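Enquirer: To start, I am sharing the structure in question, which I have written as structure tokens.
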Amino acid sequence: MLLNLKIIISKFLSVLFFATLFSHLFSCARQVTSQSVNPNFNVETRETANTDNDSILIYGSVVKFSEGAHNIDAVKVIRYDNTNIIVAASFVKNGNFEFKVPKSMRGTQVLVIFYNKLQKSRGGSNFKRFMIEGDSIYMVFDENTKKVHITGGIQNLANDVYTLENELWSLKKGNLKDKKAKGVISSETYREKKKELDSFIKKEKVQFVKSHPYAWKSLDILQELMQNYMRITWVDILPEGGEPLKEYKKIFYSLDKPVQEKGQNILKMIQNMEARRVPYFTGEMPDGNTFDLADMKGKVVLIDFWGSWCGWCRKAHPHLKELYAKYKDKGFEIIGVGVEHEKTREEKWQKFRDAIAEDGITWPQMLVDRNKQDIPAEYGVITYPSSFLLDRDGRLILRVGGTDINRVIDAKLDELFSENSISTYRSKELYESDMSLLHKEHGEVYNKIGELAKAVSGVSEEEKKAVINEFLKLEGEMLKKHTDFVSKHPEAPFSLDILKDNSDLFIKHGDSTFRVLHSLYKGLSGKVRALDTDDALGDYLKNYANTSAGEKFVPFSFVNNDGRTIDMNNLKGKVILLDFWGSWCFWCRKLDPHLKELYSKYKDEGFEIVGIAFEYGTKEEQIQRWKEAIEKDETPWLHALSDVDGRDLIKEYAIKEYPSLVLIDKQGIIVSRSKDLNGLKEKIEELLKT
């Protein structure tokens, strides 16, 4: 259906374009005046043909299918950003206009505005965003419908296709509303039909984005879908199990790279929702001081988006005053984020200050300045009031809007200021204090180890052992404190942070501490584990467990450094050592001489080494560095790059440290994982004898 619609729309645009162009060719010669990048309209004559190799021609018509003179007599293009700088402008003469912009502006989004220069107002909807692309752009503005159609470049075509699809959806909505108004369908039937239509339109929008991964318009649509999703009243931050969010993230990553780069605000929105983090902001307060959200850490904070013009916002203030009085001394703060629509900065501040005084608000307030930061857009705020409740760690735990504010926030604040919640936070403060002291000691020991590494001579083995033992003792204390806090507070989001930040430390100390880490993670509450974005820690632990001692090795095929394709199935019956390394890794390459000794001694007895390299850079750079290192170090065993046979072996084996060694017996069972060769020679000898 979507494909057929595109064909129809494309044909319609072509007909419109050629019909209008045909009428121009047979009309009297036109005299078009224009200016380039000059808001004062210093008019100069332009040639119709674009013979300037350094510029892009933008031309078109203003049409009117009713009696009377044209109201539109000027066109200008401004940058689509906070600057609103005029890029080019032209008068409209005999219904036609044209001007040029430099080719250096290709790929720039701009806004075209059709208006009457004497009225100094664009009025209605006489504007449209488009992209400067190609060598020429043609547009038609219909004064009756206020519609602008633009051709020239795939971005503008995609934009027009979507605009016309949107108009069709609007017609369907209007038709449904008319049926209800005329009594053809009941209110209940109308609601059901509208819900079905909204669901259909949402699917069509998703399909458009999927079908147009190259289009900047896809970013607008995806952002709209995200904002609609975000404005749901969130008792659980991820309604519907978070499935739409996962779908939108997948769609975002399916967009072309240049489009993704332009849509980093959408990615940030998705990531913030996944991690329950809100965008950071600062803003000017009525007394001239600057509000900084970072200063609120350690408090339960309600961010309240409102405006002097919003009746429902101001009706909520009396109850917010009650909550503020009840919880302020317990660590509760409200920050009012004002959004005003007056034209000048002075008028906005006057309205905002008057409303604060009239409502008797005593908590901090700041006024949004969209030229500096569009905070409502970053938070996905469409309806007012909208409020965001943050816990003491700055995580979003609740979003509410409209009349639900009082009912929902009351219950959540009671929960947050319960004795159990306060006790958990005090335990966190104590934990952080202890860890701060340990980190200080930890840093000192790291310095000692660094000094030992630099010392070529003059340091006894006893001194080395003493420092290393001190280091291990401190790490043991850290592990104990991590374990104690997480086991006592499985409902605290901070517990997940502890496990994620210290997973390497747990795994570094062997299988026993890995099992502790795995157990702690599984013991976290479901809500806390849901904060594990993309199951990053969960997947890591699962992969590590699946490649630990006692698990079955899953064979793979790879292209060896000499060009041969190696199938690991053909190595069955051999003892295999997987060596995870990289050309950039100093300690990996220091290990090579020792591995060569092992390989030389045992290769004829059924021992094989497979080097699995992780390299940086482009594919060509990775291959070059990999091969150069193998040749320089003269390592004669089999070699593979880590991305083999469609599998990412670094992720699959949960490799975070280099070198990492995985030993596999003749039956294809993983025997051990280690960082060095300690005890490995004995294990290899034992496995070769069985």
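Each chain of the structure tokens is named A, B, ... in the order shown, its residues numbered from 1; ligands are numbered from 1 in display order.
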DSSP on the backbone: which residues in stretch 402-594 of chain A end up as helix (DSSP H, G or I)? Give the answer as an MDAnalysis selection string.
Expert: chainID A and resid 402:416 419:454 461:488 493:501 503:508 511:523 526:529 533:546 568:571 586:594
Enquirer: Might you pull out every residue within 6 Å of stretch 143-159 of chain A, with only C-alpha atoms counted and same-chain residues fewer than 3 positions away left off, and present them as a list of chain:residue names?
Expert: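 Here the qualifying residues turn out to be A:Lys64, A:Ser125, A:Asn126, A:Glu133, A:Gly134, A:Ile137, A:Tyr138, A:Met139, A:Val140, A:Tyr162, A:Ala215, A:Lys217.
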Enquirer: Set the distance at 12 Å and use only C-alpha atoms: which residues neighbour A:Ile201 once local chain neighbours fewer than 2 positions away are removed? I'd like the list as a PDB file with all heavy atoms, in the first residue's frame.
Expert:
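Once written, selection-v3.pdb looks like this:
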```pdb
ATOM      1  N   LEU A   2       1.909   1.224   0.887  1.00  0.00           N
ATOM      2  CA  LEU A   2       2.823   2.377   0.987  1.00  0.00           C
ATOM      3  C   LEU A   2       3.553   2.605  -0.320  1.00  0.00           C
ATOM      4  O   LEU A   2       3.716   3.735  -0.767  1.00  0.00           O
ATOM      5  CB  LEU A   2       3.821   2.115   2.121  1.00  0.00           C
ATOM      6  CG  LEU A   2       4.698   3.300   2.523  1.00  0.00           C
ATOM      7  CD1 LEU A   2       3.851   4.445   3.045  1.00  0.00           C
ATOM      8  CD2 LEU A   2       5.715   2.879   3.566  1.00  0.00           C
ATOM      9  N   TYR A 162       6.057  12.310   2.373  1.00  0.00           N
ATOM     10  CA  TYR A 162       5.502  12.173   3.720  1.00  0.00           C
ATOM     11  C   TYR A 162       4.428  13.227   3.984  1.00  0.00           C
ATOM     12  O   TYR A 162       3.396  12.933   4.601  1.00  0.00           O
ATOM     13  CB  TYR A 162       6.604  12.290   4.773  1.00  0.00           C
ATOM     14  CG  TYR A 162       6.068  12.125   6.170  1.00  0.00           C
ATOM     15  CD1 TYR A 162       5.729  10.870   6.664  1.00  0.00           C
ATOM     16  CD2 TYR A 162       5.840  13.234   6.986  1.00  0.00           C
ATOM     17  CE1 TYR A 162       5.203  10.708   7.928  1.00  0.00           C
ATOM     18  CE2 TYR A 162       5.313  13.087   8.254  1.00  0.00           C
ATOM     19  CZ  TYR A 162       4.997  11.825   8.723  1.00  0.00           C
ATOM     20  OH  TYR A 162       4.469  11.674   9.977  1.00  0.00           O
ATOM     21  N   GLU A 165       1.270  12.062   2.406  1.00  0.00           N
ATOM     22  CA  GLU A 165       0.719  10.929   3.166  1.00  0.00           C
ATOM     23  C   GLU A 165       0.036  11.448   4.429  1.00  0.00           C
ATOM     24  O   GLU A 165      -1.051  10.995   4.802  1.00  0.00           O
ATOM     25  CB  GLU A 165       1.835   9.950   3.535  1.00  0.00           C
ATOM     26  CG  GLU A 165       2.341   9.117   2.361  1.00  0.00           C
ATOM     27  CD  GLU A 165       3.348   8.063   2.800  1.00  0.00           C
ATOM     28  OE1 GLU A 165       3.677   8.014   3.995  1.00  0.00           O
ATOM     29  OE2 GLU A 165       3.785   7.288   1.944  1.00  0.00           O
ATOM     30  N   ASN A 166       0.672  12.409   5.069  1.00  0.00           N
ATOM     31  CA  ASN A 166       0.128  12.986   6.296  1.00  0.00           C
ATOM     32  C   ASN A 166      -1.202  13.675   6.022  1.00  0.00           C
ATOM     33  O   ASN A 166      -2.128  13.635   6.846  1.00  0.00           O
ATOM     34  CB  ASN A 166       1.138  13.976   6.874  1.00  0.00           C
ATOM     35  CG  ASN A 166       1.005  14.128   8.374  1.00  0.00           C
ATOM     36  OD1 ASN A 166       0.546  13.232   9.068  1.00  0.00           O
ATOM     37  ND2 ASN A 166       1.389  15.270   8.884  1.00  0.00           N
ATOM     38  N   GLU A 167      -1.308  14.328   4.869  1.00  0.00           N
ATOM     39  CA  GLU A 167      -2.559  14.982   4.504  1.00  0.00           C
ATOM     40  C   GLU A 167      -3.682  13.962   4.304  1.00  0.00           C
ATOM     41  O   GLU A 167      -4.836  14.202   4.662  1.00  0.00           O
ATOM     42  CB  GLU A 167      -2.360  15.818   3.239  1.00  0.00           C
ATOM     43  CG  GLU A 167      -1.535  17.078   3.484  1.00  0.00           C
ATOM     44  CD  GLU A 167      -1.165  17.815   2.201  1.00  0.00           C
ATOM     45  OE1 GLU A 167      -1.645  17.395   1.123  1.00  0.00           O
ATOM     46  OE2 GLU A 167      -0.396  18.782   2.281  1.00  0.00           O
ATOM     47  N   LEU A 168      -3.321  12.808   3.738  1.00  0.00           N
ATOM     48  CA  LEU A 168      -4.320  11.740   3.575  1.00  0.00           C
ATOM     49  C   LEU A 168      -4.803  11.240   4.932  1.00  0.00           C
ATOM     50  O   LEU A 168      -5.995  10.997   5.133  1.00  0.00           O
ATOM     51  CB  LEU A 168      -3.717  10.584   2.776  1.00  0.00           C
ATOM     52  CG  LEU A 168      -3.467  10.850   1.287  1.00  0.00           C
ATOM     53  CD1 LEU A 168      -2.756   9.658   0.655  1.00  0.00           C
ATOM     54  CD2 LEU A 168      -4.779  11.117   0.557  1.00  0.00           C
ATOM     55  N   TRP A 169      -3.877  11.099   5.884  1.00  0.00           N
ATOM     56  CA  TRP A 169      -4.267  10.662   7.229  1.00  0.00           C
ATOM     57  C   TRP A 169      -5.166  11.699   7.887  1.00  0.00           C
ATOM     58  O   TRP A 169      -6.132  11.346   8.572  1.00  0.00           O
ATOM     59  CB  TRP A 169      -3.025  10.420   8.094  1.00  0.00           C
ATOM     60  CG  TRP A 169      -2.113   9.358   7.560  1.00  0.00           C
ATOM     61  CD1 TRP A 169      -2.465   8.272   6.817  1.00  0.00           C
ATOM     62  CD2 TRP A 169      -0.698   9.290   7.717  1.00  0.00           C
ATOM     63  NE1 TRP A 169      -1.360   7.531   6.494  1.00  0.00           N
ATOM     64  CE2 TRP A 169      -0.252   8.120   7.038  1.00  0.00           C
ATOM     65  CE3 TRP A 169       0.251  10.078   8.353  1.00  0.00           C
ATOM     66  CZ2 TRP A 169       1.080   7.752   6.991  1.00  0.00           C
ATOM     67  CZ3 TRP A 169       1.584   9.706   8.327  1.00  0.00           C
ATOM     68  CH2 TRP A 169       1.995   8.553   7.652  1.00  0.00           C
ATOM     69  N   SER A 170      -4.862  12.962   7.670  1.00  0.00           N
ATOM     70  CA  SER A 170      -5.686  14.040   8.244  1.00  0.00           C
ATOM     71  C   SER A 170      -7.103  14.002   7.676  1.00  0.00           C
ATOM     72  O   SER A 170      -8.081  14.234   8.394  1.00  0.00           O
ATOM     73  CB  SER A 170      -5.052  15.408   7.954  1.00  0.00           C
ATOM     74  OG  SER A 170      -3.796  15.513   8.586  1.00  0.00           O
ATOM     75  N   LYS A 172      -8.649  11.321   6.624  1.00  0.00           N
ATOM     76  CA  LYS A 172      -9.329  10.174   7.258  1.00  0.00           C
ATOM     77  C   LYS A 172      -9.805  10.531   8.658  1.00  0.00           C
ATOM     78  O   LYS A 172     -10.911  10.170   9.067  1.00  0.00           O
ATOM     79  CB  LYS A 172      -8.380   8.972   7.308  1.00  0.00           C
ATOM     80  CG  LYS A 172      -8.119   8.330   5.960  1.00  0.00           C
ATOM     81  CD  LYS A 172      -7.239   7.097   6.095  1.00  0.00           C
ATOM     82  CE  LYS A 172      -7.017   6.433   4.747  1.00  0.00           C
ATOM     83  NZ  LYS A 172      -6.173   5.215   4.849  1.00  0.00           N
ATOM     84  N   LYS A 173      -8.954  11.256   9.404  1.00  0.00           N
ATOM     85  CA  LYS A 173      -9.344  11.679  10.751  1.00  0.00           C
ATOM     86  C   LYS A 173     -10.541  12.625  10.690  1.00  0.00           C
ATOM     87  O   LYS A 173     -11.484  12.514  11.484  1.00  0.00           O
ATOM     88  CB  LYS A 173      -8.167  12.378  11.442  1.00  0.00           C
ATOM     89  CG  LYS A 173      -7.070  11.445  11.919  1.00  0.00           C
ATOM     90  CD  LYS A 173      -5.974  12.238  12.634  1.00  0.00           C
ATOM     91  CE  LYS A 173      -4.894  11.333  13.161  1.00  0.00           C
ATOM     92  NZ  LYS A 173      -3.814  12.088  13.851  1.00  0.00           N
ATOM     93  N   LYS A 194     -11.119   5.584  16.034  1.00  0.00           N
ATOM     94  CA  LYS A 194      -9.989   6.504  16.138  1.00  0.00           C
ATOM     95  C   LYS A 194      -8.751   5.768  16.664  1.00  0.00           C
ATOM     96  O   LYS A 194      -7.628   5.990  16.195  1.00  0.00           O
ATOM     97  CB  LYS A 194     -10.326   7.671  17.069  1.00  0.00           C
ATOM     98  CG  LYS A 194      -9.233   8.731  17.127  1.00  0.00           C
ATOM     99  CD  LYS A 194      -9.638   9.894  18.015  1.00  0.00           C
ATOM    100  CE  LYS A 194      -8.548  10.950  18.038  1.00  0.00           C
ATOM    101  NZ  LYS A 194      -7.262  10.455  18.543  1.00  0.00           N
ATOM    102  N   LYS A 195      -8.953   4.897  17.631  1.00  0.00           N
ATOM    103  CA  LYS A 195      -7.837   4.117  18.172  1.00  0.00           C
ATOM    104  C   LYS A 195      -7.223   3.240  17.082  1.00  0.00           C
ATOM    105  O   LYS A 195      -5.998   3.130  16.959  1.00  0.00           O
ATOM    106  CB  LYS A 195      -8.323   3.250  19.338  1.00  0.00           C
ATOM    107  CG  LYS A 195      -7.208   2.544  20.083  1.00  0.00           C
ATOM    108  CD  LYS A 195      -7.762   1.795  21.290  1.00  0.00           C
ATOM    109  CE  LYS A 195      -6.639   1.080  22.034  1.00  0.00           C
ATOM    110  NZ  LYS A 195      -7.160   0.326  23.200  1.00  0.00           N
ATOM    111  N   GLU A 196      -8.098   2.620  16.275  1.00  0.00           N
ATOM    112  CA  GLU A 196      -7.620   1.782  15.159  1.00  0.00           C
ATOM    113  C   GLU A 196      -6.849   2.620  14.144  1.00  0.00           C
ATOM    114  O   GLU A 196      -5.791   2.212  13.656  1.00  0.00           O
ATOM    115  CB  GLU A 196      -8.807   1.097  14.467  1.00  0.00           C
ATOM    116  CG  GLU A 196      -9.463   0.012  15.299  1.00  0.00           C
ATOM    117  CD  GLU A 196     -10.713  -0.547  14.619  1.00  0.00           C
ATOM    118  OE1 GLU A 196     -10.956  -0.178  13.438  1.00  0.00           O
ATOM    119  OE2 GLU A 196     -11.451  -1.319  15.257  1.00  0.00           O
ATOM    120  N   LEU A 197      -7.400   3.811  13.824  1.00  0.00           N
ATOM    121  CA  LEU A 197      -6.751   4.684  12.845  1.00  0.00           C
ATOM    122  C   LEU A 197      -5.403   5.181  13.371  1.00  0.00           C
ATOM    123  O   LEU A 197      -4.416   5.212  12.637  1.00  0.00           O
ATOM    124  CB  LEU A 197      -7.665   5.873  12.516  1.00  0.00           C
ATOM    125  CG  LEU A 197      -7.128   6.868  11.471  1.00  0.00           C
ATOM    126  CD1 LEU A 197      -6.807   6.162  10.151  1.00  0.00           C
ATOM    127  CD2 LEU A 197      -8.125   8.001  11.256  1.00  0.00           C
ATOM    128  N   ASP A 198      -5.354   5.573  14.651  1.00  0.00           N
ATOM    129  CA  ASP A 198      -4.095   6.035  15.250  1.00  0.00           C
ATOM    130  C   ASP A 198      -3.038   4.929  15.208  1.00  0.00           C
ATOM    131  O   ASP A 198      -1.862   5.192  14.927  1.00  0.00           O
ATOM    132  CB  ASP A 198      -4.320   6.474  16.693  1.00  0.00           C
ATOM    133  CG  ASP A 198      -5.078   7.789  16.791  1.00  0.00           C
ATOM    134  OD1 ASP A 198      -5.130   8.509  15.775  1.00  0.00           O
ATOM    135  OD2 ASP A 198      -5.630   8.086  17.871  1.00  0.00           O
ATOM    136  N   SER A 199      -3.474   3.707  15.481  1.00  0.00           N
ATOM    137  CA  SER A 199      -2.548   2.572  15.442  1.00  0.00           C
ATOM    138  C   SER A 199      -2.035   2.334  14.025  1.00  0.00           C
ATOM    139  O   SER A 199      -0.845   2.083  13.808  1.00  0.00           O
ATOM    140  CB  SER A 199      -3.252   1.314  15.967  1.00  0.00           C
ATOM    141  OG  SER A 199      -2.399   0.189  15.883  1.00  0.00           O
ATOM    142  N   LYS A 203       1.890   2.759  12.604  1.00  0.00           N
ATOM    143  CA  LYS A 203       2.591   1.706  11.854  1.00  0.00           C
ATOM    144  C   LYS A 203       3.097   2.231  10.514  1.00  0.00           C
ATOM    145  O   LYS A 203       4.192   1.875  10.064  1.00  0.00           O
ATOM    146  CB  LYS A 203       1.663   0.510  11.638  1.00  0.00           C
ATOM    147  CG  LYS A 203       1.394  -0.290  12.903  1.00  0.00           C
ATOM    148  CD  LYS A 203       0.404  -1.417  12.656  1.00  0.00           C
ATOM    149  CE  LYS A 203       0.102  -2.172  13.944  1.00  0.00           C
ATOM    150  NZ  LYS A 203      -0.936  -3.218  13.734  1.00  0.00           N
ATOM    151  N   GLU A 204       2.280   3.080   9.863  1.00  0.00           N
ATOM    152  CA  GLU A 204       2.687   3.659   8.584  1.00  0.00           C
ATOM    153  C   GLU A 204       3.895   4.586   8.753  1.00  0.00           C
ATOM    154  O   GLU A 204       4.793   4.626   7.913  1.00  0.00           O
ATOM    155  CB  GLU A 204       1.524   4.436   7.966  1.00  0.00           C
ATOM    156  CG  GLU A 204       0.406   3.551   7.447  1.00  0.00           C
ATOM    157  CD  GLU A 204       0.822   2.788   6.192  1.00  0.00           C
ATOM    158  OE1 GLU A 204       0.859   3.391   5.113  1.00  0.00           O
ATOM    159  OE2 GLU A 204       1.126   1.586   6.311  1.00  0.00           O
ATOM    160  N   LYS A 205       3.907   5.320   9.856  1.00  0.00           N
ATOM    161  CA  LYS A 205       5.050   6.201  10.135  1.00  0.00           C
ATOM    162  C   LYS A 205       6.319   5.383  10.363  1.00  0.00           C
ATOM    163  O   LYS A 205       7.394   5.728   9.863  1.00  0.00           O
ATOM    164  CB  LYS A 205       4.755   7.080  11.349  1.00  0.00           C
ATOM    165  CG  LYS A 205       3.736   8.172  11.070  1.00  0.00           C
ATOM    166  CD  LYS A 205       3.454   9.018  12.304  1.00  0.00           C
ATOM    167  CE  LYS A 205       2.472  10.136  11.979  1.00  0.00           C
ATOM    168  NZ  LYS A 205       2.161  10.980  13.144  1.00  0.00           N
ATOM    169  N   VAL A 206       6.185   4.317  11.129  1.00  0.00           N
ATOM    170  CA  VAL A 206       7.332   3.431  11.368  1.00  0.00           C
ATOM    171  C   VAL A 206       7.822   2.851  10.048  1.00  0.00           C
ATOM    172  O   VAL A 206       9.031   2.795   9.779  1.00  0.00           O
ATOM    173  CB  VAL A 206       6.953   2.305  12.354  1.00  0.00           C
ATOM    174  CG1 VAL A 206       8.036   1.230  12.387  1.00  0.00           C
ATOM    175  CG2 VAL A 206       6.737   2.867  13.752  1.00  0.00           C
ATOM    176  N   GLN A 207       6.880   2.452   9.197  1.00  0.00           N
ATOM    177  CA  GLN A 207       7.240   1.875   7.901  1.00  0.00           C
ATOM    178  C   GLN A 207       7.934   2.903   7.010  1.00  0.00           C
ATOM    179  O   GLN A 207       8.873   2.577   6.278  1.00  0.00           O
ATOM    180  CB  GLN A 207       5.989   1.331   7.196  1.00  0.00           C
ATOM    181  CG  GLN A 207       6.276   0.578   5.913  1.00  0.00           C
ATOM    182  CD  GLN A 207       7.245  -0.572   6.107  1.00  0.00           C
ATOM    183  OE1 GLN A 207       7.124  -1.345   7.055  1.00  0.00           O
ATOM    184  NE2 GLN A 207       8.240  -0.687   5.229  1.00  0.00           N
ATOM    185  N   PHE A 208       7.475   4.153   7.077  1.00  0.00           N
ATOM    186  CA  PHE A 208       8.114   5.209   6.288  1.00  0.00           C
ATOM    187  C   PHE A 208       9.577   5.349   6.683  1.00  0.00           C
ATOM    188  O   PHE A 208      10.463   5.441   5.831  1.00  0.00           O
ATOM    189  CB  PHE A 208       7.388   6.544   6.481  1.00  0.00           C
ATOM    190  CG  PHE A 208       7.979   7.668   5.662  1.00  0.00           C
ATOM    191  CD1 PHE A 208       7.472   7.981   4.416  1.00  0.00           C
ATOM    192  CD2 PHE A 208       9.066   8.396   6.134  1.00  0.00           C
ATOM    193  CE1 PHE A 208       8.027   9.005   3.644  1.00  0.00           C
ATOM    194  CE2 PHE A 208       9.636   9.417   5.381  1.00  0.00           C
ATOM    195  CZ  PHE A 208       9.110   9.715   4.135  1.00  0.00           C
ATOM    196  N   ILE A 221      10.231  12.112  12.152  1.00  0.00           N
ATOM    197  CA  ILE A 221       9.160  11.155  12.455  1.00  0.00           C
ATOM    198  C   ILE A 221       9.531  10.309  13.666  1.00  0.00           C
ATOM    199  O   ILE A 221       8.714  10.082  14.562  1.00  0.00           O
ATOM    200  CB  ILE A 221       8.883  10.252  11.233  1.00  0.00           C
ATOM    201  CG1 ILE A 221       8.449  11.107  10.040  1.00  0.00           C
ATOM    202  CG2 ILE A 221       7.827   9.211  11.557  1.00  0.00           C
ATOM    203  CD1 ILE A 221       8.481  10.372   8.719  1.00  0.00           C
ATOM    204  N   LEU A 225       7.582  10.005  17.203  1.00  0.00           N
ATOM    205  CA  LEU A 225       7.164   8.732  17.797  1.00  0.00           C
ATOM    206  C   LEU A 225       7.707   8.595  19.213  1.00  0.00           C
ATOM    207  O   LEU A 225       7.009   8.137  20.119  1.00  0.00           O
ATOM    208  CB  LEU A 225       7.654   7.568  16.929  1.00  0.00           C
ATOM    209  CG  LEU A 225       6.984   7.405  15.556  1.00  0.00           C
ATOM    210  CD1 LEU A 225       7.767   6.427  14.690  1.00  0.00           C
ATOM    211  CD2 LEU A 225       5.541   6.940  15.708  1.00  0.00           C
TER     212      LEU A 225
END
```
Enquirer: Taking 4 positions as the minimum chain separation for residues in the same chain, which residues sit within 9 Å of A:Val278 when counting only C-alpha atoms? Answer as a list in words.
Expert: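 Close residues of A:Val278: Met269, Asn272, Met273, Glu378, Tyr379, Phe388, Leu390, Gly394, Arg395 and Leu396 of chain A.
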Enquirer: Can you write just those residues out, C-alpha atoms, as an mmCIF file, in the first residue's frame?
Expert:
```
data_model
loop_
_atom_site.group_PDB
_atom_site.id
_atom_site.type_symbol
_atom_site.label_atom_id
_atom_site.label_comp_id
_atom_site.auth_asym_id
_atom_site.auth_seq_id
_atom_site.Cartn_x
_atom_site.Cartn_y
_atom_site.Cartn_z
ATOM 1 C CA MET A 269 16.769 10.464 24.346
ATOM 2 C CA ASN A 272 18.422 8.395 28.783
ATOM 3 C CA MET A 273 15.154 6.466 28.870
ATOM 4 C CA GLU A 378 15.095 17.206 25.208
ATOM 5 C CA TYR A 379 12.641 15.939 27.811
ATOM 6 C CA PHE A 388 9.718 14.281 36.259
ATOM 7 C CA LEU A 390 14.244 11.883 40.238
ATOM 8 C CA GLY A 394 19.446 11.507 39.742
ATOM 9 C CA ARG A 395 17.590 8.596 38.130
ATOM 10 C CA LEU A 396 14.164 9.099 36.637
#
```
Enquirer: Could you tell me how far atom CA of A:Ser61 lies from atom CA of A:Ser104, in Å and to one decimal?
Expert: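 One can read the atom CA of A:Ser61 to atom CA of A:Ser104 distance as 25.0 Å.
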Enquirer: So which one's closest to A:Leu598, A:Trp637, A:Tyr658, A:Tyr327, A:Tyr653? Using only C-alpha atoms, please.
Expert: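 Comparing A:Trp637, A:Tyr658, A:Tyr327, A:Tyr653 against A:Leu598, the winner is A:Trp637.
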Enquirer: Determine which residues of stretch 334-564 of chain A receive a DSSP assignment of strand (DSSP E or B), computed from the backbone, and state them as a PyMOL selection string.
Expert: chain A and resi 334-338+365-367+386-390+395-401+552+557-559
Enquirer: For a quick check of understanding, using only C-alpha atoms, which of A:Ile397, A:Leu641, A:Val575, A:Ala654 has the smallest distance to A:Gln622?
Expert: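 Selected residue with least distance to A:Gln622: A:Leu641.
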Enquirer: Restricting the calculation to only C-alpha atoms, which member of A:Ile630, A:Val467, A:Ile382, A:Val301 is positioned closest to A:Lys412?
Expert: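 Ranking A:Ile630, A:Val467, A:Ile382, A:Val301 by distance to A:Lys412, first place goes to A:Val301.
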Enquirer: Work out how far atom CA of A:Thr618 is from atom CA of A:Tyr214, in Å to one decimal.
Expert: 22.9 Å
Enquirer: Find the spatial neighbours of A:Gly288, counting only C-alpha atoms, within a cut-off of 12 Å - ignore same-chain residues fewer than 2 positions away - and output them as a list of chain:residue names.
Expert: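 The residues satisfying every condition are A:Gly283, A:Glu284, A:Met285, A:Pro286, A:Thr290, A:Phe291, A:Trp349, A:Pro364, A:Gln365, A:Met366, A:Leu367.
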Enquirer: Kindly indicate which residue among A:Asn469, A:Ser433, A:Thr83, A:Thr483 lies nearest to A:Asn502, using only C-alpha atoms for the distances.
Expert: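 Ranked by minimum distance to A:Asn502, first place goes to A:Thr483.
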Enquirer: Give me, as a list in words, all polymer residues having an atom no more than 10 Å from stretch 316-321 of chain A, counting only C-alpha atoms and skipping those fewer than 3 positions away in the same chain.
Expert: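 The neighbour list is Leu302, Asp304, Trp306, Gly311, Trp312, Cys313, Tyr324, Ala325, Lys326, Ile334, Ile356, Asp359, Gly360, Ile361, Thr362, Trp363, Pro385, Gly402, Thr403, Ile405, Asn406, Ile409 and Asp410 of chain A.
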Enquirer: Restricting the calculation to only C-alpha atoms: of A:Lys128, A:Lys683, A:Lys601, A:Lys249, which residue gets closest to A:Ile270?
Expert: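 Distance minimum relative to A:Ile270 lands on A:Lys249.
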Enquirer: Can you list, as a list in words, every protein, DNA or RNA residue that comes within 12 Å of A:Arg529 when you count only C-alpha atoms, leaving out same-chain residues fewer than 6 positions away?
Expert: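 Answer for this query is Glu274, Ala275, Pro490, Glu491, Ala492, Pro493, Phe494, Ser495, Leu496, Asp497, Leu499, Lys500, Leu520, Tyr521, Lys522, Gly523, Asp535, Ala536, Leu537, Gly538 and Asp539 of chain A.
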Enquirer: Using only C-alpha atoms, which of the listed residues (A:Asp648, A:Glu608, A:Glu686, A:Glu657) sits closest to A:Gly582?
Expert: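 Checking each candidate against A:Gly582, we get A:Glu657 as the closest.
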